[in-house]
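Following: one structure in structure tokens, then a few remarks.
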Amino acid sequence: MKKELLIIGSGFAGFWSALSAIRQSRELKKEEELQVTVVNRDEYLTIRPRLYEVSLEGLRVELNKYFKPLHIKLIIGKAEIINTEQNQVTVATEHGTRLLSYDYLILSSGSVLKAINIPGIEKTFNVDTFNGAQKLEDHLVQLAKKNFSGDGASTFVIAGSGLTGLEVATVIREKANKILADHHQKPIDFKVVLIEKAEKVGNYYSEKAQDYVIETLKTKDITVIAGVTLDGVSHNGARLSDGQFIASQTVVSTVGLVASSLSSFFKGEKDKQGRLHVNEYLQLEEHHNVLAAGDVANVPVDSQGNSSVMACQFSMFLGKWAGHNAVNGLFGQALKPYNYTDYVTCVDLGQQDGMLTTGWERTLLSSGIEGKTIKMEVTTKLIYPAEDVQTALEDSYPEVPNVSQSAV
Ligand SMILES: Cc1cc2nc3c(=O)[nH]c(=O)nc-3n(C[C@H](O)[C@H](O)[C@H](O)COP(=O)(O)OP(=O)(O)OC[C@H]3O[C@@H](n4cnc5c(N)ncnc54)[C@H](O)[C@@H]3O)c2cc1C
């Protein structure tokens with residue numbers, strides 16, 4: 001009987017886990033003895049980092065283009081229950097419930113936008129999932145049809161000034177004006193308001209990088225309201241914790257990410273984002289046949305106390321490592337300790353502008369058009385799998401250099 005490797009979620013981590021598992025099974029000459037099965041909500045690898053962009057075209061990669069030729073089984077459905085005693089996962093599919101057994105499991109179900117408990121939260125938009133980004137775009141199309149007329153129609157409120165908040169705030173005008181142009185209408189001078197809970201935006205950056213962000217927001221005429229939270233949303237505006245009401249028909253929540261709720265099926269302490277702590281081989285201490293990779297995993301990355309962050313650069317590498325180690329574990333080979341330590345951030349700051357930082361202090365390395373070019377190089381090329389399946393397979397080695405590094 002073949003050994004079963006089950007992978008839940010096929011974002012960056014799950015996709016690369018699957019390819020890496022096949023590659024390693026071939027190296028061990030065990031391909032015929034292994035079945036890799038992936039459960040994912042849909043048939044795509046969604047390029048989440050680009051969901052804030054002006055156009056949603058090309059942001060999904062068809063999984064079966066890679067999986068089919070490699071005999072990776074893709075099941076479209078939602079994993080609902082993980083039974084670690086029985087080594088089984090219950091999956092809800094269009095055709096009913098399925099019970100899948102595993103010898104090894106890789107949990108790579110990613111993260112979701114943090115829920116905030118405020119009245120009218122369902123009226124907010126997001127760029128967390130492809131459907132969320134599509135809903136925002138459809139809404140802007142509806143507003144464009146009425147030339148963004150009406151109370152608050154031409155004001156966009158963005159709640160949360162993390163990297164995604166900065167990207168939405170600096171790009172949404174261009175997106176709305178592109179939609180207007182598609183409808184043969186003239187551009188509008190939209191108002192953009194960025195809400196931040198902390199006293200200052202960008203406090204996760206080094207001083208220089210933070211100053212650059214603050215200056216850019218000023219130059220781009222983005223109103224920043226700091227030291228407040230979003231307290232409620234109605235069809236025509238946002239209420240803030242200081243009592244202000246901002247008339248807006250488009251409130252976008254970018255308040256941060258939390259790990260997939262599937263992490264709750266595992267015992268043990270989680271970090272403040274709900275992520276599972278894993279050992280250097282990406283295994284859960286209580287269940288060595290379960291590995292976690294991507295946004296759902298917290299992996300120590302150095303002796304200074306830094307651990308992985310929810311980002312593609314980690315998710316891709318963790319995936320490659322997890323697939324490799326799962327196969328080695330299944331066939332009695334030594335596991336490979338995770339050893340990727342570098343960290344960069346790239347942020348899009350709208351037309352002609354972007355910023356690259358390096359290291360855990362997030363030191364400013366490039367900005368302006370140069371920063372933008374690097375950002376686009378990373379997100380439109382380097383985080384995509386190679387077109388050719390064989391090349392993608394070769395790229396699935398854990399040792400393959402960090403894509404962000406090779407962009408710098
Ligand atoms: C707008 C935005 C901008 C970003 N920008 C950047 C950036 O510039 N740089 C960067 O490094 N990172 C960025 N990120 C973060 C990056 O996208 C994530 O770190 C990365 O996607 C995580 O990969 P993952 O594979 O762990 O999870 P995900 O990409 O979240 O993939 C998880 C997959 O699992 C599926 N899934 C979840 N639950 C289940 C279930 N129960 N059953 C079946 N399938 C399930 C999901 O549908 C999805 O396909 C950004 C994220 C967003 C939302």
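In the structure tokens, the first chain shown is A, the next is B, and so on; residue numbers restart at 1 for each chain, and ligands run from 1 in the order shown.
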Quick one: which chain A residues come within 7 Å of ligand 1, and what is the nearest atom pair for each with the distance in Å to one decimal, counting only C-alpha atoms and all ligand atoms, rows ordered by chain and ascending number, as JSON lines?
{"residue": "A:Ile8", "atom": "CA", "partner": "ligand 1", "partner_atom_place_in_ligand_line": "43 (C)", "distance": 5.6}
{"residue": "A:Gly9", "atom": "CA", "partner": "ligand 1", "partner_atom_place_in_ligand_line": "34 (O)", "distance": 3.2}
{"residue": "A:Ser10", "atom": "CA", "partner": "ligand 1", "partner_atom_place_in_ligand_line": "33 (C)", "distance": 4.6}
{"residue": "A:Gly11", "atom": "CA", "partner": "ligand 1", "partner_atom_place_in_ligand_line": "31 (O)", "distance": 3.2}
{"residue": "A:Phe12", "atom": "CA", "partner": "ligand 1", "partner_atom_place_in_ligand_line": "25 (O)", "distance": 3.8}
{"residue": "A:Ala13", "atom": "CA", "partner": "ligand 1", "partner_atom_place_in_ligand_line": "25 (O)", "distance": 3.7}
{"residue": "A:Gly14", "atom": "CA", "partner": "ligand 1", "partner_atom_place_in_ligand_line": "25 (O)", "distance": 5.5}
{"residue": "A:Val39", "atom": "CA", "partner": "ligand 1", "partner_atom_place_in_ligand_line": "43 (C)", "distance": 5.2}
{"residue": "A:Asn40", "atom": "CA", "partner": "ligand 1", "partner_atom_place_in_ligand_line": "44 (N)", "distance": 3.6}
{"residue": "A:Arg41", "atom": "CA", "partner": "ligand 1", "partner_atom_place_in_ligand_line": "44 (N)", "distance": 4.3}
{"residue": "A:Asp42", "atom": "CA", "partner": "ligand 1", "partner_atom_place_in_ligand_line": "47 (O)", "distance": 6.5}
{"residue": "A:Tyr44", "atom": "CA", "partner": "ligand 1", "partner_atom_place_in_ligand_line": "49 (O)", "distance": 6.9}
{"residue": "A:Leu45", "atom": "CA", "partner": "ligand 1", "partner_atom_place_in_ligand_line": "49 (O)", "distance": 6.1}
{"residue": "A:Thr46", "atom": "CA", "partner": "ligand 1", "partner_atom_place_in_ligand_line": "49 (O)", "distance": 6.5}
{"residue": "A:Ile47", "atom": "CA", "partner": "ligand 1", "partner_atom_place_in_ligand_line": "17 (O)", "distance": 6.8}
{"residue": "A:Arg48", "atom": "CA", "partner": "ligand 1", "partner_atom_place_in_ligand_line": "17 (O)", "distance": 4.3}
{"residue": "A:Pro49", "atom": "CA", "partner": "ligand 1", "partner_atom_place_in_ligand_line": "4 (C)", "distance": 3.3}
{"residue": "A:Arg50", "atom": "CA", "partner": "ligand 1", "partner_atom_place_in_ligand_line": "3 (C)", "distance": 6.0}
{"residue": "A:Leu51", "atom": "CA", "partner": "ligand 1", "partner_atom_place_in_ligand_line": "1 (C)", "distance": 5.0}
{"residue": "A:Tyr52", "atom": "CA", "partner": "ligand 1", "partner_atom_place_in_ligand_line": "1 (C)", "distance": 5.4}
{"residue": "A:Gly77", "atom": "CA", "partner": "ligand 1", "partner_atom_place_in_ligand_line": "43 (C)", "distance": 5.7}
{"residue": "A:Lys78", "atom": "CA", "partner": "ligand 1", "partner_atom_place_in_ligand_line": "42 (N)", "distance": 3.5}
{"residue": "A:Ala79", "atom": "CA", "partner": "ligand 1", "partner_atom_place_in_ligand_line": "42 (N)", "distance": 3.8}
{"residue": "A:Glu80", "atom": "CA", "partner": "ligand 1", "partner_atom_place_in_ligand_line": "41 (N)", "distance": 5.7}
{"residue": "A:Ser108", "atom": "CA", "partner": "ligand 1", "partner_atom_place_in_ligand_line": "26 (O)", "distance": 5.5}
{"residue": "A:Ser109", "atom": "CA", "partner": "ligand 1", "partner_atom_place_in_ligand_line": "34 (O)", "distance": 3.7}
{"residue": "A:Gly110", "atom": "CA", "partner": "ligand 1", "partner_atom_place_in_ligand_line": "27 (O)", "distance": 3.2}
{"residue": "A:Ser111", "atom": "CA", "partner": "ligand 1", "partner_atom_place_in_ligand_line": "30 (O)", "distance": 4.8}
{"residue": "A:Val112", "atom": "CA", "partner": "ligand 1", "partner_atom_place_in_ligand_line": "30 (O)", "distance": 6.8}
{"residue": "A:Val127", "atom": "CA", "partner": "ligand 1", "partner_atom_place_in_ligand_line": "1 (C)", "distance": 5.1}
{"residue": "A:Asp128", "atom": "CA", "partner": "ligand 1", "partner_atom_place_in_ligand_line": "53 (C)", "distance": 4.0}
{"residue": "A:Thr129", "atom": "CA", "partner": "ligand 1", "partner_atom_place_in_ligand_line": "53 (C)", "distance": 6.6}
{"residue": "A:Leu163", "atom": "CA", "partner": "ligand 1", "partner_atom_place_in_ligand_line": "5 (N)", "distance": 6.9}
{"residue": "A:Thr164", "atom": "CA", "partner": "ligand 1", "partner_atom_place_in_ligand_line": "3 (C)", "distance": 5.1}
{"residue": "A:Ser260", "atom": "CA", "partner": "ligand 1", "partner_atom_place_in_ligand_line": "38 (N)", "distance": 6.1}
{"residue": "A:Leu262", "atom": "CA", "partner": "ligand 1", "partner_atom_place_in_ligand_line": "41 (N)", "distance": 6.5}
{"residue": "A:Ala293", "atom": "CA", "partner": "ligand 1", "partner_atom_place_in_ligand_line": "26 (O)", "distance": 6.4}
{"residue": "A:Gly294", "atom": "CA", "partner": "ligand 1", "partner_atom_place_in_ligand_line": "26 (O)", "distance": 3.3}
{"residue": "A:Asp295", "atom": "CA", "partner": "ligand 1", "partner_atom_place_in_ligand_line": "26 (O)", "distance": 3.9}
{"residue": "A:Val296", "atom": "CA", "partner": "ligand 1", "partner_atom_place_in_ligand_line": "26 (O)", "distance": 6.1}
{"residue": "A:Met310", "atom": "CA", "partner": "ligand 1", "partner_atom_place_in_ligand_line": "19 (O)", "distance": 4.1}
{"residue": "A:Ala311", "atom": "CA", "partner": "ligand 1", "partner_atom_place_in_ligand_line": "19 (O)", "distance": 3.2}
{"residue": "A:Cys312", "atom": "CA", "partner": "ligand 1", "partner_atom_place_in_ligand_line": "11 (O)", "distance": 3.6}
{"residue": "A:Gln313", "atom": "CA", "partner": "ligand 1", "partner_atom_place_in_ligand_line": "11 (O)", "distance": 5.2}
{"residue": "A:Ser315", "atom": "CA", "partner": "ligand 1", "partner_atom_place_in_ligand_line": "23 (O)", "distance": 5.0}
{"residue": "A:Thr345", "atom": "CA", "partner": "ligand 1", "partner_atom_place_in_ligand_line": "9 (N)", "distance": 6.5}
{"residue": "A:Cys346", "atom": "CA", "partner": "ligand 1", "partner_atom_place_in_ligand_line": "8 (O)", "distance": 5.7}
{"residue": "A:Val347", "atom": "CA", "partner": "ligand 1", "partner_atom_place_in_ligand_line": "8 (O)", "distance": 5.8}
In Å to one decimal, how far is atom CA of Leu6 of chain A from atom CA of Lys68 of chain A?
15.8 Å
Test item, helix (DSSP H, G or I) assignment across segment 162-266 of chain A, answer as a PyMOL selection string
chain A and resi 163-182+207-219+261-265
Could you list, as a ChimeraX atom specification, every residue within 12 Å of Glu122 of chain A, counting only C-alpha atoms and ignoring same-chain residues fewer than 2 positions away?
/A:115-120,124-126,132,232-235,250-253
Exercise: segment 15-29 of chain A partners within 7 Å, only C-alpha atoms, chain neighbours under 2 positions left out, as JSON, numbers by chain
{"A": [10, 11, 12, 13, 31, 36, 316, 319, 320, 322, 323, 324, 327, 393, 396, 397]}
Residues of the last selection are to be written out with C-alpha atoms, as a tab-separated table (two decimals), in the first residue's frame.
chain	number	residue	atom	x	y	z
A	10	SER	CA	-2.40	25.03	-1.34
A	11	GLY	CA	-1.17	28.57	-0.99
A	12	PHE	CA	2.57	29.18	-1.23
A	13	ALA	CA	3.39	26.71	1.55
A	31	GLU	CA	7.69	7.80	-5.97
A	36	VAL	CA	0.48	13.02	-2.28
A	316	MET	CA	7.59	29.20	0.17
A	319	GLY	CA	6.71	24.55	2.19
A	320	LYS	CA	9.80	23.27	0.41
A	322	ALA	CA	8.00	20.53	4.94
A	323	GLY	CA	7.54	18.45	1.76
A	324	HIS	CA	11.15	17.31	1.94
A	327	VAL	CA	8.93	12.33	2.69
A	393	LEU	CA	10.15	20.82	-9.47
A	396	SER	CA	11.41	22.95	-4.83
A	397	TYR	CA	14.70	22.06	-3.11
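Here atom CA of Phe266 of chain A and atom CA of Asn289 of chain A stand 12.4 Å from one another.
Atom CA of His71 of chain A is found 14.7 Å from atom CA of Ala392 of chain A.
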Excluding same-chain residues fewer than 2 positions from Gly329 of chain A, what lies within 12 Å of it counting only C-alpha atoms, as JSON, numbers by chain?
{"A": [3, 4, 5, 21, 24, 25, 28, 103, 104, 105, 106, 281, 282, 283, 288, 289, 290, 291, 321, 322, 323, 324, 325, 326, 327, 331, 332, 333, 334, 335, 336]}
When DSSP works through the backbone of this structure, what residues of segment 300-358 of chain A end up as strand (DSSP E or B), shown as a PyMOL selection string?
chain A and resi 300+307+344-348+354-358
Near Ala169 of chain A, within 12 Å and counting only C-alpha atoms, which residues show up once chain neighbours fewer than 4 positions away are dropped, as a PyMOL selection string?
chain A and resi 52-54+127+155-165+173-176+190-196+213+216-218+220-224+250-254+347-351
What's the 9 Å shell around Ser263 of chain A, counting only C-alpha atoms, without same-chain residues fewer than 5 positions away, as a list of chain:residue names?
A:Leu107, A:Ser109, A:Lys270, A:Gly274, A:Arg275, A:Leu276, A:Val296, A:Ala297
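Residue nearest Tyr340 of chain A within the list A:Glu286, A:Asp353, A:Glu399, A:Asp151: A:Glu399 [criterion: smallest interatomic distance, only C-alpha atoms].
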With distances taken over only C-alpha atoms, the candidate from A:Thr219, A:Thr358, A:Ser261, A:Asn147 nearest Ile82 of chain A is A:Ser261
